[in-house]
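Some notes on the structure that comes next.
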Amino acid sequence: MNDRTANPRAWWFVLPVLVLVAFNALIPLMTVVNYSVQETFGDNVFFWEGLKWFEQVLNSDRFHESFLRQLAFTGMILAIEVPLGIAVALSMPRKGPWVSVCLVLMALPLLIPWNVVGAMWNIFALPDIGLLGRMINGMGIDYNFTQQPVAAWLTTVLMDVWHWTSLVVLLAYAGLCSIPDAYYQAAKIDGASAWAVFRYIQLPKMKRVLTIAILLRFMDSFMIYTEPFVLTGGGPGNTTTFLSIDLVKIALGQFDLGPAAAMSLIYFLVVLLVCWIFYTLTMRNESQ
Amino acid sequence: MSLSWMAWTGPTAAFFIFIAICLVAMAVWERLVPGGSPRRGVLGIDTTRGDRLFISLLGSAFIFLAWLGFFGTPLWIPLGFAIAYGIVVFRWV
């Protein structure tokens, strides 16, 4: 590449983005790093604590528990949403007037603000007045998500599945639509079974969009805050206190800025690592 | 403009200066040897110098965290590990 023809002045056009990123990401992140090694009681007075908060967070049962809870939640919703999303996408029509109807219906849950989803499900699942809660209790099953940890988990997972499976559906559907008819014709001539068509034509063609879908769902569910906060508030007890809810409790509830900063840096590094692994896997897939 | 709300300390400033020096050094290196010397290393992915720096820094962070979690301070031994890890990454990844 001849770099003489490139105009270096174009770099000045990047400057606004740089300033924006500096103010909304870089400077706050630097401040968090500064907070993570100090103790404060307010009034901008800070005391040096060294790496004490990191040690404390890494060895705290509370952090381990919310981390495990977070992993369990993310694992569960991925295990449900990805296969379910693929199944729904496979059963959607590829041609005709129903395509738009299905797409609009699928897009609806994605358009609802997160706190509204939480509030909707809260009311929907209330055991005494909610449609779902009342119905389950009417069938003779004791269900109360405000008091039973299992019920709280089921409701949270169900809410997330309701809210986000559509994203997997839309991505998988886009992947399916990009497969040329010739592949299906060839499969038909060879007498391939429906499973063989799925395994050797549809799944490989969806691999790329599915990687993106899994990455997006992983990240979103790993950082989930609003929906469980509105639905259960992290309870009963702290059985649905996921990482970000715990973080906010420490930072704003207890005003322990130092430990909260250390925890958020560890959280950030984990997220960064997972992103990098997904990026690497995607790159490997593409180069193969 | 007062920066007191950012609560700067010597060590954290040194940390960011180190990161900044790394980035400037990478820019100078790119000037001297343009193209980022891409290759396919032991991970089976195409990496450039920038990727290798990122992998080194991220890995080092986890080396320090693991040591801090299991053994606590001081961190001189994991510093050695992190430098060794960085050299391995720049050489073979």
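Each chain in the structure tokens gets a letter, A, B and so on, in the order shown; residues start at 1 in every chain, and ligands are counted from 1 in the order they appear.
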Inset, instruction - Show which residues sit within 12 Å of region 74-80 of chain B, as a ChimeraX atom specification. Count only C-alpha atoms, and ignore same-chain residues fewer than 6 positions away. - result: /A:50-52,55 /B:57,59-68,86-87
For a quick test of understanding: name the residues of chain B lying within 12 Å of chain A when counting only C-alpha atoms, and present them as a PDB file with N, CA, C and O atoms, in the first residue's frame.
```pdb
ATOM      1  N   SER B   2     -10.316  21.815  38.204  1.00  0.00           N
ATOM      2  CA  SER B   2      -9.860  20.961  39.308  1.00  0.00           C
ATOM      3  C   SER B   2     -10.100  19.498  38.968  1.00  0.00           C
ATOM      4  O   SER B   2     -11.162  19.127  38.474  1.00  0.00           O
ATOM      5  N   LEU B   3      -9.101  18.698  39.201  1.00  0.00           N
ATOM      6  CA  LEU B   3      -9.239  17.272  38.913  1.00  0.00           C
ATOM      7  C   LEU B   3      -9.387  16.457  40.198  1.00  0.00           C
ATOM      8  O   LEU B   3      -9.221  15.250  40.204  1.00  0.00           O
ATOM      9  N   SER B   4      -9.713  17.136  41.295  1.00  0.00           N
ATOM     10  CA  SER B   4      -9.737  16.421  42.577  1.00  0.00           C
ATOM     11  C   SER B   4     -10.783  15.309  42.583  1.00  0.00           C
ATOM     12  O   SER B   4     -10.595  14.278  43.223  1.00  0.00           O
ATOM     13  N   TRP B   5     -11.881  15.487  41.804  1.00  0.00           N
ATOM     14  CA  TRP B   5     -12.923  14.456  41.787  1.00  0.00           C
ATOM     15  C   TRP B   5     -12.418  13.158  41.151  1.00  0.00           C
ATOM     16  O   TRP B   5     -12.966  12.096  41.378  1.00  0.00           O
ATOM     17  N   MET B   6     -11.350  13.249  40.357  1.00  0.00           N
ATOM     18  CA  MET B   6     -10.832  12.021  39.742  1.00  0.00           C
ATOM     19  C   MET B   6      -9.934  11.262  40.701  1.00  0.00           C
ATOM     20  O   MET B   6      -9.564  10.123  40.435  1.00  0.00           O
ATOM     21  N   ALA B   7      -9.576  11.889  41.826  1.00  0.00           N
ATOM     22  CA  ALA B   7      -8.844  11.218  42.905  1.00  0.00           C
ATOM     23  C   ALA B   7      -7.565  10.542  42.418  1.00  0.00           C
ATOM     24  O   ALA B   7      -7.333   9.363  42.672  1.00  0.00           O
ATOM     25  N   TRP B   8      -6.738  11.302  41.703  1.00  0.00           N
ATOM     26  CA  TRP B   8      -5.503  10.724  41.168  1.00  0.00           C
ATOM     27  C   TRP B   8      -4.535  10.346  42.287  1.00  0.00           C
ATOM     28  O   TRP B   8      -4.453  11.012  43.308  1.00  0.00           O
ATOM     29  N   THR B   9      -3.811   9.262  42.064  1.00  0.00           N
ATOM     30  CA  THR B   9      -2.730   8.890  42.976  1.00  0.00           C
ATOM     31  C   THR B   9      -1.483   8.646  42.139  1.00  0.00           C
ATOM     32  O   THR B   9      -1.599   8.429  40.924  1.00  0.00           O
ATOM     33  N   GLY B  10      -0.317   8.670  42.763  1.00  0.00           N
ATOM     34  CA  GLY B  10       0.928   8.430  42.046  1.00  0.00           C
ATOM     35  C   GLY B  10       0.931   7.095  41.295  1.00  0.00           C
ATOM     36  O   GLY B  10       1.159   7.061  40.076  1.00  0.00           O
ATOM     37  N   PRO B  11       0.671   5.992  42.014  1.00  0.00           N
ATOM     38  CA  PRO B  11       0.737   4.690  41.348  1.00  0.00           C
ATOM     39  C   PRO B  11      -0.245   4.531  40.185  1.00  0.00           C
ATOM     40  O   PRO B  11       0.117   3.979  39.139  1.00  0.00           O
ATOM     41  N   THR B  12      -1.499   5.037  40.336  1.00  0.00           N
ATOM     42  CA  THR B  12      -2.443   4.879  39.226  1.00  0.00           C
ATOM     43  C   THR B  12      -2.022   5.750  38.047  1.00  0.00           C
ATOM     44  O   THR B  12      -2.165   5.349  36.893  1.00  0.00           O
ATOM     45  N   ALA B  13      -1.461   6.943  38.364  1.00  0.00           N
ATOM     46  CA  ALA B  13      -0.952   7.796  37.278  1.00  0.00           C
ATOM     47  C   ALA B  13       0.173   7.070  36.553  1.00  0.00           C
ATOM     48  O   ALA B  13       0.214   7.047  35.316  1.00  0.00           O
ATOM     49  N   ALA B  14       1.068   6.420  37.332  1.00  0.00           N
ATOM     50  CA  ALA B  14       2.173   5.683  36.725  1.00  0.00           C
ATOM     51  C   ALA B  14       1.636   4.572  35.823  1.00  0.00           C
ATOM     52  O   ALA B  14       2.156   4.329  34.724  1.00  0.00           O
ATOM     53  N   PHE B  15       0.571   3.904  36.281  1.00  0.00           N
ATOM     54  CA  PHE B  15      -0.032   2.827  35.492  1.00  0.00           C
ATOM     55  C   PHE B  15      -0.506   3.352  34.141  1.00  0.00           C
ATOM     56  O   PHE B  15      -0.193   2.776  33.091  1.00  0.00           O
ATOM     57  N   PHE B  16      -1.222   4.490  34.165  1.00  0.00           N
ATOM     58  CA  PHE B  16      -1.737   5.017  32.895  1.00  0.00           C
ATOM     59  C   PHE B  16      -0.625   5.568  32.020  1.00  0.00           C
ATOM     60  O   PHE B  16      -0.703   5.492  30.788  1.00  0.00           O
ATOM     61  N   ILE B  17       0.426   6.119  32.670  1.00  0.00           N
ATOM     62  CA  ILE B  17       1.566   6.591  31.882  1.00  0.00           C
ATOM     63  C   ILE B  17       2.227   5.395  31.188  1.00  0.00           C
ATOM     64  O   ILE B  17       2.595   5.469  30.013  1.00  0.00           O
ATOM     65  N   ILE B  19       0.709   2.631  30.231  1.00  0.00           N
ATOM     66  CA  ILE B  19      -0.150   2.264  29.090  1.00  0.00           C
ATOM     67  C   ILE B  19       0.085   3.239  27.932  1.00  0.00           C
ATOM     68  O   ILE B  19       0.221   2.826  26.768  1.00  0.00           O
ATOM     69  N   ARG B  31       5.675   3.010  12.704  1.00  0.00           N
ATOM     70  CA  ARG B  31       6.331   3.937  11.802  1.00  0.00           C
ATOM     71  C   ARG B  31       7.606   3.304  11.207  1.00  0.00           C
ATOM     72  O   ARG B  31       7.872   3.387  10.009  1.00  0.00           O
ATOM     73  N   PRO B  34       6.223  -0.666   9.118  1.00  0.00           N
ATOM     74  CA  PRO B  34       4.773  -0.563   8.885  1.00  0.00           C
ATOM     75  C   PRO B  34       4.149  -1.928   8.555  1.00  0.00           C
ATOM     76  O   PRO B  34       4.838  -2.847   8.122  1.00  0.00           O
ATOM     77  N   GLY B  35       2.839  -1.999   8.790  1.00  0.00           N
ATOM     78  CA  GLY B  35       2.098  -3.209   8.416  1.00  0.00           C
ATOM     79  C   GLY B  35       1.689  -4.051   9.602  1.00  0.00           C
ATOM     80  O   GLY B  35       0.837  -4.924   9.482  1.00  0.00           O
ATOM     81  N   ARG B  40       0.267 -15.901  11.707  1.00  0.00           N
ATOM     82  CA  ARG B  40      -0.613 -16.847  12.383  1.00  0.00           C
ATOM     83  C   ARG B  40       0.214 -17.616  13.394  1.00  0.00           C
ATOM     84  O   ARG B  40       1.120 -18.352  13.042  1.00  0.00           O
ATOM     85  N   GLY B  41      -0.113 -17.404  14.678  1.00  0.00           N
ATOM     86  CA  GLY B  41       0.684 -18.014  15.736  1.00  0.00           C
ATOM     87  C   GLY B  41       0.058 -19.263  16.308  1.00  0.00           C
ATOM     88  O   GLY B  41      -0.767 -19.917  15.656  1.00  0.00           O
ATOM     89  N   LEU B  43      -2.153 -19.756  18.492  1.00  0.00           N
ATOM     90  CA  LEU B  43      -3.594 -19.779  18.746  1.00  0.00           C
ATOM     91  C   LEU B  43      -4.392 -20.076  17.477  1.00  0.00           C
ATOM     92  O   LEU B  43      -5.600 -20.250  17.531  1.00  0.00           O
ATOM     93  N   GLY B  44      -3.704 -20.094  16.332  1.00  0.00           N
ATOM     94  CA  GLY B  44      -4.391 -20.382  15.075  1.00  0.00           C
ATOM     95  C   GLY B  44      -5.187 -19.208  14.552  1.00  0.00           C
ATOM     96  O   GLY B  44      -6.093 -19.372  13.739  1.00  0.00           O
ATOM     97  N   ILE B  45      -4.873 -17.995  15.030  1.00  0.00           N
ATOM     98  CA  ILE B  45      -5.563 -16.815  14.513  1.00  0.00           C
ATOM     99  C   ILE B  45      -4.525 -15.834  13.989  1.00  0.00           C
ATOM    100  O   ILE B  45      -3.366 -15.853  14.418  1.00  0.00           O
ATOM    101  N   ASP B  46      -4.995 -14.989  13.060  1.00  0.00           N
ATOM    102  CA  ASP B  46      -4.102 -13.961  12.539  1.00  0.00           C
ATOM    103  C   ASP B  46      -3.983 -12.843  13.565  1.00  0.00           C
ATOM    104  O   ASP B  46      -4.990 -12.267  13.973  1.00  0.00           O
ATOM    105  N   THR B  47      -2.771 -12.567  13.997  1.00  0.00           N
ATOM    106  CA  THR B  47      -2.593 -11.470  14.948  1.00  0.00           C
ATOM    107  C   THR B  47      -1.619 -10.449  14.386  1.00  0.00           C
ATOM    108  O   THR B  47      -0.716 -10.780  13.620  1.00  0.00           O
ATOM    109  N   ASP B  51      -2.719  -6.685  18.407  1.00  0.00           N
ATOM    110  CA  ASP B  51      -3.412  -7.817  19.035  1.00  0.00           C
ATOM    111  C   ASP B  51      -2.536  -8.439  20.103  1.00  0.00           C
ATOM    112  O   ASP B  51      -3.007  -8.783  21.187  1.00  0.00           O
ATOM    113  N   PHE B  54      -2.508  -6.370  23.189  1.00  0.00           N
ATOM    114  CA  PHE B  54      -3.775  -6.533  23.911  1.00  0.00           C
ATOM    115  C   PHE B  54      -3.792  -7.852  24.680  1.00  0.00           C
ATOM    116  O   PHE B  54      -4.144  -7.892  25.870  1.00  0.00           O
ATOM    117  N   ILE B  55      -3.376  -8.944  24.006  1.00  0.00           N
ATOM    118  CA  ILE B  55      -3.373 -10.259  24.654  1.00  0.00           C
ATOM    119  C   ILE B  55      -2.413 -10.249  25.842  1.00  0.00           C
ATOM    120  O   ILE B  55      -2.725 -10.787  26.911  1.00  0.00           O
ATOM    121  N   SER B  56      -1.263  -9.597  25.672  1.00  0.00           N
ATOM    122  CA  SER B  56      -0.290  -9.526  26.771  1.00  0.00           C
ATOM    123  C   SER B  56      -0.877  -8.783  27.965  1.00  0.00           C
ATOM    124  O   SER B  56      -0.792  -9.251  29.104  1.00  0.00           O
ATOM    125  N   LEU B  57      -1.483  -7.607  27.696  1.00  0.00           N
ATOM    126  CA  LEU B  57      -1.992  -6.796  28.809  1.00  0.00           C
ATOM    127  C   LEU B  57      -3.152  -7.494  29.518  1.00  0.00           C
ATOM    128  O   LEU B  57      -3.203  -7.553  30.752  1.00  0.00           O
ATOM    129  N   LEU B  58      -4.081  -8.043  28.718  1.00  0.00           N
ATOM    130  CA  LEU B  58      -5.246  -8.700  29.322  1.00  0.00           C
ATOM    131  C   LEU B  58      -4.806  -9.914  30.134  1.00  0.00           C
ATOM    132  O   LEU B  58      -5.243 -10.119  31.274  1.00  0.00           O
ATOM    133  N   GLY B  59      -3.909 -10.712  29.546  1.00  0.00           N
ATOM    134  CA  GLY B  59      -3.404 -11.892  30.258  1.00  0.00           C
ATOM    135  C   GLY B  59      -2.678 -11.498  31.533  1.00  0.00           C
ATOM    136  O   GLY B  59      -2.877 -12.119  32.583  1.00  0.00           O
ATOM    137  N   SER B  60      -1.867 -10.441  31.454  1.00  0.00           N
ATOM    138  CA  SER B  60      -1.130  -9.986  32.637  1.00  0.00           C
ATOM    139  C   SER B  60      -2.103  -9.583  33.740  1.00  0.00           C
ATOM    140  O   SER B  60      -1.875  -9.894  34.915  1.00  0.00           O
ATOM    141  N   ALA B  61      -3.183  -8.895  33.361  1.00  0.00           N
ATOM    142  CA  ALA B  61      -4.172  -8.482  34.362  1.00  0.00           C
ATOM    143  C   ALA B  61      -4.688  -9.709  35.109  1.00  0.00           C
ATOM    144  O   ALA B  61      -4.808  -9.695  36.342  1.00  0.00           O
ATOM    145  N   PHE B  62      -4.967 -10.788  34.362  1.00  0.00           N
ATOM    146  CA  PHE B  62      -5.490 -11.988  35.018  1.00  0.00           C
ATOM    147  C   PHE B  62      -4.415 -12.693  35.840  1.00  0.00           C
ATOM    148  O   PHE B  62      -4.722 -13.280  36.883  1.00  0.00           O
ATOM    149  N   ILE B  63      -3.150 -12.633  35.391  1.00  0.00           N
ATOM    150  CA  ILE B  63      -2.057 -13.212  36.188  1.00  0.00           C
ATOM    151  C   ILE B  63      -1.993 -12.499  37.541  1.00  0.00           C
ATOM    152  O   ILE B  63      -1.946 -13.128  38.600  1.00  0.00           O
ATOM    153  N   PHE B  64      -2.058 -11.150  37.505  1.00  0.00           N
ATOM    154  CA  PHE B  64      -1.994 -10.381  38.752  1.00  0.00           C
ATOM    155  C   PHE B  64      -3.205 -10.672  39.633  1.00  0.00           C
ATOM    156  O   PHE B  64      -3.067 -10.850  40.848  1.00  0.00           O
ATOM    157  N   LEU B  65      -4.397 -10.729  39.015  1.00  0.00           N
ATOM    158  CA  LEU B  65      -5.607 -10.969  39.813  1.00  0.00           C
ATOM    159  C   LEU B  65      -5.549 -12.340  40.476  1.00  0.00           C
ATOM    160  O   LEU B  65      -5.893 -12.488  41.652  1.00  0.00           O
ATOM    161  N   ALA B  66      -5.104 -13.349  39.706  1.00  0.00           N
ATOM    162  CA  ALA B  66      -5.042 -14.704  40.253  1.00  0.00           C
ATOM    163  C   ALA B  66      -4.081 -14.747  41.433  1.00  0.00           C
ATOM    164  O   ALA B  66      -4.384 -15.308  42.493  1.00  0.00           O
ATOM    165  N   TRP B  67      -2.920 -14.106  41.267  1.00  0.00           N
ATOM    166  CA  TRP B  67      -1.931 -14.104  42.343  1.00  0.00           C
ATOM    167  C   TRP B  67      -2.479 -13.386  43.584  1.00  0.00           C
ATOM    168  O   TRP B  67      -2.340 -13.852  44.713  1.00  0.00           O
ATOM    169  N   LEU B  68      -3.132 -12.253  43.316  1.00  0.00           N
ATOM    170  CA  LEU B  68      -3.702 -11.464  44.413  1.00  0.00           C
ATOM    171  C   LEU B  68      -4.767 -12.265  45.150  1.00  0.00           C
ATOM    172  O   LEU B  68      -4.849 -12.245  46.379  1.00  0.00           O
ATOM    173  N   GLY B  69      -5.572 -13.001  44.395  1.00  0.00           N
ATOM    174  CA  GLY B  69      -6.641 -13.795  45.007  1.00  0.00           C
ATOM    175  C   GLY B  69      -6.095 -14.948  45.824  1.00  0.00           C
ATOM    176  O   GLY B  69      -6.592 -15.238  46.906  1.00  0.00           O
ATOM    177  N   PHE B  70      -5.064 -15.626  45.312  1.00  0.00           N
ATOM    178  CA  PHE B  70      -4.564 -16.833  45.985  1.00  0.00           C
ATOM    179  C   PHE B  70      -3.491 -16.526  47.028  1.00  0.00           C
ATOM    180  O   PHE B  70      -3.449 -17.152  48.076  1.00  0.00           O
ATOM    181  N   PHE B  71      -2.583 -15.588  46.724  1.00  0.00           N
ATOM    182  CA  PHE B  71      -1.441 -15.378  47.620  1.00  0.00           C
ATOM    183  C   PHE B  71      -1.375 -13.981  48.217  1.00  0.00           C
ATOM    184  O   PHE B  71      -0.667 -13.770  49.185  1.00  0.00           O
ATOM    185  N   GLY B  72      -2.058 -13.005  47.623  1.00  0.00           N
ATOM    186  CA  GLY B  72      -2.004 -11.645  48.152  1.00  0.00           C
ATOM    187  C   GLY B  72      -0.761 -10.901  47.701  1.00  0.00           C
ATOM    188  O   GLY B  72      -0.034 -11.350  46.807  1.00  0.00           O
ATOM    189  N   THR B  73      -0.522  -9.743  48.337  1.00  0.00           N
ATOM    190  CA  THR B  73       0.656  -8.943  47.984  1.00  0.00           C
ATOM    191  C   THR B  73       1.900  -9.515  48.666  1.00  0.00           C
ATOM    192  O   THR B  73       1.760 -10.284  49.624  1.00  0.00           O
ATOM    193  N   PRO B  74       3.139  -9.168  48.262  1.00  0.00           N
ATOM    194  CA  PRO B  74       3.522  -8.312  47.130  1.00  0.00           C
ATOM    195  C   PRO B  74       3.399  -9.026  45.778  1.00  0.00           C
ATOM    196  O   PRO B  74       3.261 -10.240  45.727  1.00  0.00           O
ATOM    197  N   LEU B  75       3.493  -8.216  44.712  1.00  0.00           N
ATOM    198  CA  LEU B  75       3.219  -8.748  43.379  1.00  0.00           C
ATOM    199  C   LEU B  75       4.475  -8.844  42.507  1.00  0.00           C
ATOM    200  O   LEU B  75       4.371  -8.828  41.284  1.00  0.00           O
TER     201      LEU B  75
END
```
Inset, instruction - Please identify which residues in region 53-162 of chain A DSSP calls helix (DSSP H, G or I) from the backbone, and express them as number ranges by chain. - result: A: 53-58, 61-91, 98-111, 114-125, 131-138, 149-162
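Interatomic distance, CA of Leu203 (chain A) to CA of Val101 (chain A): 24.7 Å.
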Inset, instruction - Excluding region 224-240 of chain A and any residue of its chain fewer than 3 positions from it, enumerate the residues within 9 Å of it, using only C-alpha atoms, and give them as JSON, numbers by chain. - result: {"A": [66, 69, 70, 114, 115, 116, 117, 118, 119, 120, 121, 122, 123, 145, 146, 147, 148, 149, 150, 152, 153, 155, 156, 159, 160, 219, 220, 221, 243, 244, 245, 246]}
Using only C-alpha atoms, which residues sit within 10 Å of region 205-209 of chain A once same-chain residues fewer than 4 positions away are excluded, as a PDB file with N, CA, C and O atoms, in the first residue's frame?
```
ATOM      1  N   ILE A  86     -33.605 -20.752  17.192  1.00  0.00           N
ATOM      2  CA  ILE A  86     -33.385 -21.455  15.921  1.00  0.00           C
ATOM      3  C   ILE A  86     -34.667 -22.170  15.514  1.00  0.00           C
ATOM      4  O   ILE A  86     -35.083 -22.122  14.346  1.00  0.00           O
ATOM      5  N   VAL A 168     -32.496 -13.693  18.789  1.00  0.00           N
ATOM      6  CA  VAL A 168     -31.891 -14.888  18.192  1.00  0.00           C
ATOM      7  C   VAL A 168     -32.702 -15.306  16.967  1.00  0.00           C
ATOM      8  O   VAL A 168     -32.144 -15.658  15.924  1.00  0.00           O
ATOM      9  N   LEU A 170     -34.547 -13.439  14.943  1.00  0.00           N
ATOM     10  CA  LEU A 170     -34.341 -12.543  13.800  1.00  0.00           C
ATOM     11  C   LEU A 170     -32.979 -12.782  13.151  1.00  0.00           C
ATOM     12  O   LEU A 170     -32.866 -12.813  11.925  1.00  0.00           O
ATOM     13  N   LEU A 171     -31.950 -12.977  13.985  1.00  0.00           N
ATOM     14  CA  LEU A 171     -30.615 -13.214  13.430  1.00  0.00           C
ATOM     15  C   LEU A 171     -30.562 -14.556  12.695  1.00  0.00           C
ATOM     16  O   LEU A 171     -30.043 -14.647  11.581  1.00  0.00           O
ATOM     17  N   ALA A 172     -31.124 -15.598  13.336  1.00  0.00           N
ATOM     18  CA  ALA A 172     -31.117 -16.922  12.704  1.00  0.00           C
ATOM     19  C   ALA A 172     -31.930 -16.890  11.411  1.00  0.00           C
ATOM     20  O   ALA A 172     -31.539 -17.491  10.398  1.00  0.00           O
ATOM     21  N   TYR A 173     -33.051 -16.159  11.431  1.00  0.00           N
ATOM     22  CA  TYR A 173     -33.904 -16.055  10.247  1.00  0.00           C
ATOM     23  C   TYR A 173     -33.146 -15.383   9.101  1.00  0.00           C
ATOM     24  O   TYR A 173     -33.204 -15.816   7.949  1.00  0.00           O
ATOM     25  N   ALA A 174     -32.394 -14.314   9.448  1.00  0.00           N
ATOM     26  CA  ALA A 174     -31.585 -13.634   8.429  1.00  0.00           C
ATOM     27  C   ALA A 174     -30.571 -14.611   7.834  1.00  0.00           C
ATOM     28  O   ALA A 174     -30.351 -14.630   6.613  1.00  0.00           O
ATOM     29  N   GLY A 175     -29.977 -15.445   8.702  1.00  0.00           N
ATOM     30  CA  GLY A 175     -29.025 -16.440   8.218  1.00  0.00           C
ATOM     31  C   GLY A 175     -29.681 -17.444   7.287  1.00  0.00           C
ATOM     32  O   GLY A 175     -29.148 -17.787   6.229  1.00  0.00           O
ATOM     33  N   LEU A 176     -30.884 -17.885   7.670  1.00  0.00           N
ATOM     34  CA  LEU A 176     -31.609 -18.871   6.852  1.00  0.00           C
ATOM     35  C   LEU A 176     -31.985 -18.293   5.490  1.00  0.00           C
ATOM     36  O   LEU A 176     -31.914 -18.974   4.468  1.00  0.00           O
ATOM     37  N   CYS A 177     -32.392 -17.001   5.496  1.00  0.00           N
ATOM     38  CA  CYS A 177     -32.835 -16.382   4.245  1.00  0.00           C
ATOM     39  C   CYS A 177     -31.690 -16.220   3.253  1.00  0.00           C
ATOM     40  O   CYS A 177     -31.923 -16.056   2.053  1.00  0.00           O
ATOM     41  N   SER A 178     -30.460 -16.240   3.760  1.00  0.00           N
ATOM     42  CA  SER A 178     -29.334 -16.028   2.854  1.00  0.00           C
ATOM     43  C   SER A 178     -28.904 -17.321   2.157  1.00  0.00           C
ATOM     44  O   SER A 178     -27.989 -17.305   1.344  1.00  0.00           O
ATOM     45  N   ILE A 179     -29.575 -18.447   2.472  1.00  0.00           N
ATOM     46  CA  ILE A 179     -29.190 -19.715   1.819  1.00  0.00           C
ATOM     47  C   ILE A 179     -29.885 -19.803   0.453  1.00  0.00           C
ATOM     48  O   ILE A 179     -31.113 -19.731   0.383  1.00  0.00           O
ATOM     49  N   PHE A 198     -30.778 -29.686   7.989  1.00  0.00           N
ATOM     50  CA  PHE A 198     -30.480 -28.760   9.077  1.00  0.00           C
ATOM     51  C   PHE A 198     -29.003 -28.839   9.461  1.00  0.00           C
ATOM     52  O   PHE A 198     -28.325 -27.820   9.584  1.00  0.00           O
ATOM     53  N   ARG A 199     -28.510 -30.072   9.584  1.00  0.00           N
ATOM     54  CA  ARG A 199     -27.156 -30.266  10.115  1.00  0.00           C
ATOM     55  C   ARG A 199     -26.071 -29.811   9.126  1.00  0.00           C
ATOM     56  O   ARG A 199     -25.068 -29.247   9.534  1.00  0.00           O
ATOM     57  N   TYR A 200     -26.301 -30.096   7.823  1.00  0.00           N
ATOM     58  CA  TYR A 200     -25.217 -29.839   6.872  1.00  0.00           C
ATOM     59  C   TYR A 200     -25.435 -28.615   5.988  1.00  0.00           C
ATOM     60  O   TYR A 200     -24.526 -28.177   5.297  1.00  0.00           O
ATOM     61  N   ILE A 201     -26.651 -28.062   5.971  1.00  0.00           N
ATOM     62  CA  ILE A 201     -26.860 -26.861   5.158  1.00  0.00           C
ATOM     63  C   ILE A 201     -27.191 -25.660   6.041  1.00  0.00           C
ATOM     64  O   ILE A 201     -26.490 -24.646   6.039  1.00  0.00           O
ATOM     65  N   ALA A 213     -25.187 -13.780  17.667  1.00  0.00           N
ATOM     66  CA  ALA A 213     -26.346 -13.847  18.562  1.00  0.00           C
ATOM     67  C   ALA A 213     -25.915 -14.293  19.959  1.00  0.00           C
ATOM     68  O   ALA A 213     -26.326 -13.699  20.963  1.00  0.00           O
ATOM     69  N   ILE A 214     -25.065 -15.319  20.017  1.00  0.00           N
ATOM     70  CA  ILE A 214     -24.627 -15.817  21.330  1.00  0.00           C
ATOM     71  C   ILE A 214     -23.802 -14.748  22.038  1.00  0.00           C
ATOM     72  O   ILE A 214     -23.986 -14.507  23.235  1.00  0.00           O
ATOM     73  N   LEU A 215     -22.933 -14.079  21.297  1.00  0.00           N
ATOM     74  CA  LEU A 215     -22.129 -13.018  21.915  1.00  0.00           C
ATOM     75  C   LEU A 215     -23.029 -11.923  22.497  1.00  0.00           C
ATOM     76  O   LEU A 215     -22.885 -11.516  23.652  1.00  0.00           O
ATOM     77  N   THR A 282     -14.688 -16.280  16.268  1.00  0.00           N
ATOM     78  CA  THR A 282     -15.261 -15.821  15.002  1.00  0.00           C
ATOM     79  C   THR A 282     -14.180 -15.736  13.933  1.00  0.00           C
ATOM     80  O   THR A 282     -14.367 -16.178  12.796  1.00  0.00           O
ATOM     81  N   ASN A 285     -13.174 -19.134  12.743  1.00  0.00           N
ATOM     82  CA  ASN A 285     -14.187 -19.704  11.853  1.00  0.00           C
ATOM     83  C   ASN A 285     -14.056 -19.134  10.458  1.00  0.00           C
ATOM     84  O   ASN A 285     -14.188 -19.836   9.464  1.00  0.00           O
ATOM     85  N   GLU A 286     -13.795 -17.824  10.402  1.00  0.00           N
ATOM     86  CA  GLU A 286     -13.753 -17.186   9.098  1.00  0.00           C
ATOM     87  C   GLU A 286     -12.513 -17.574   8.320  1.00  0.00           C
ATOM     88  O   GLU A 286     -12.546 -17.678   7.098  1.00  0.00           O
TER      89      GLU A 286
END
```
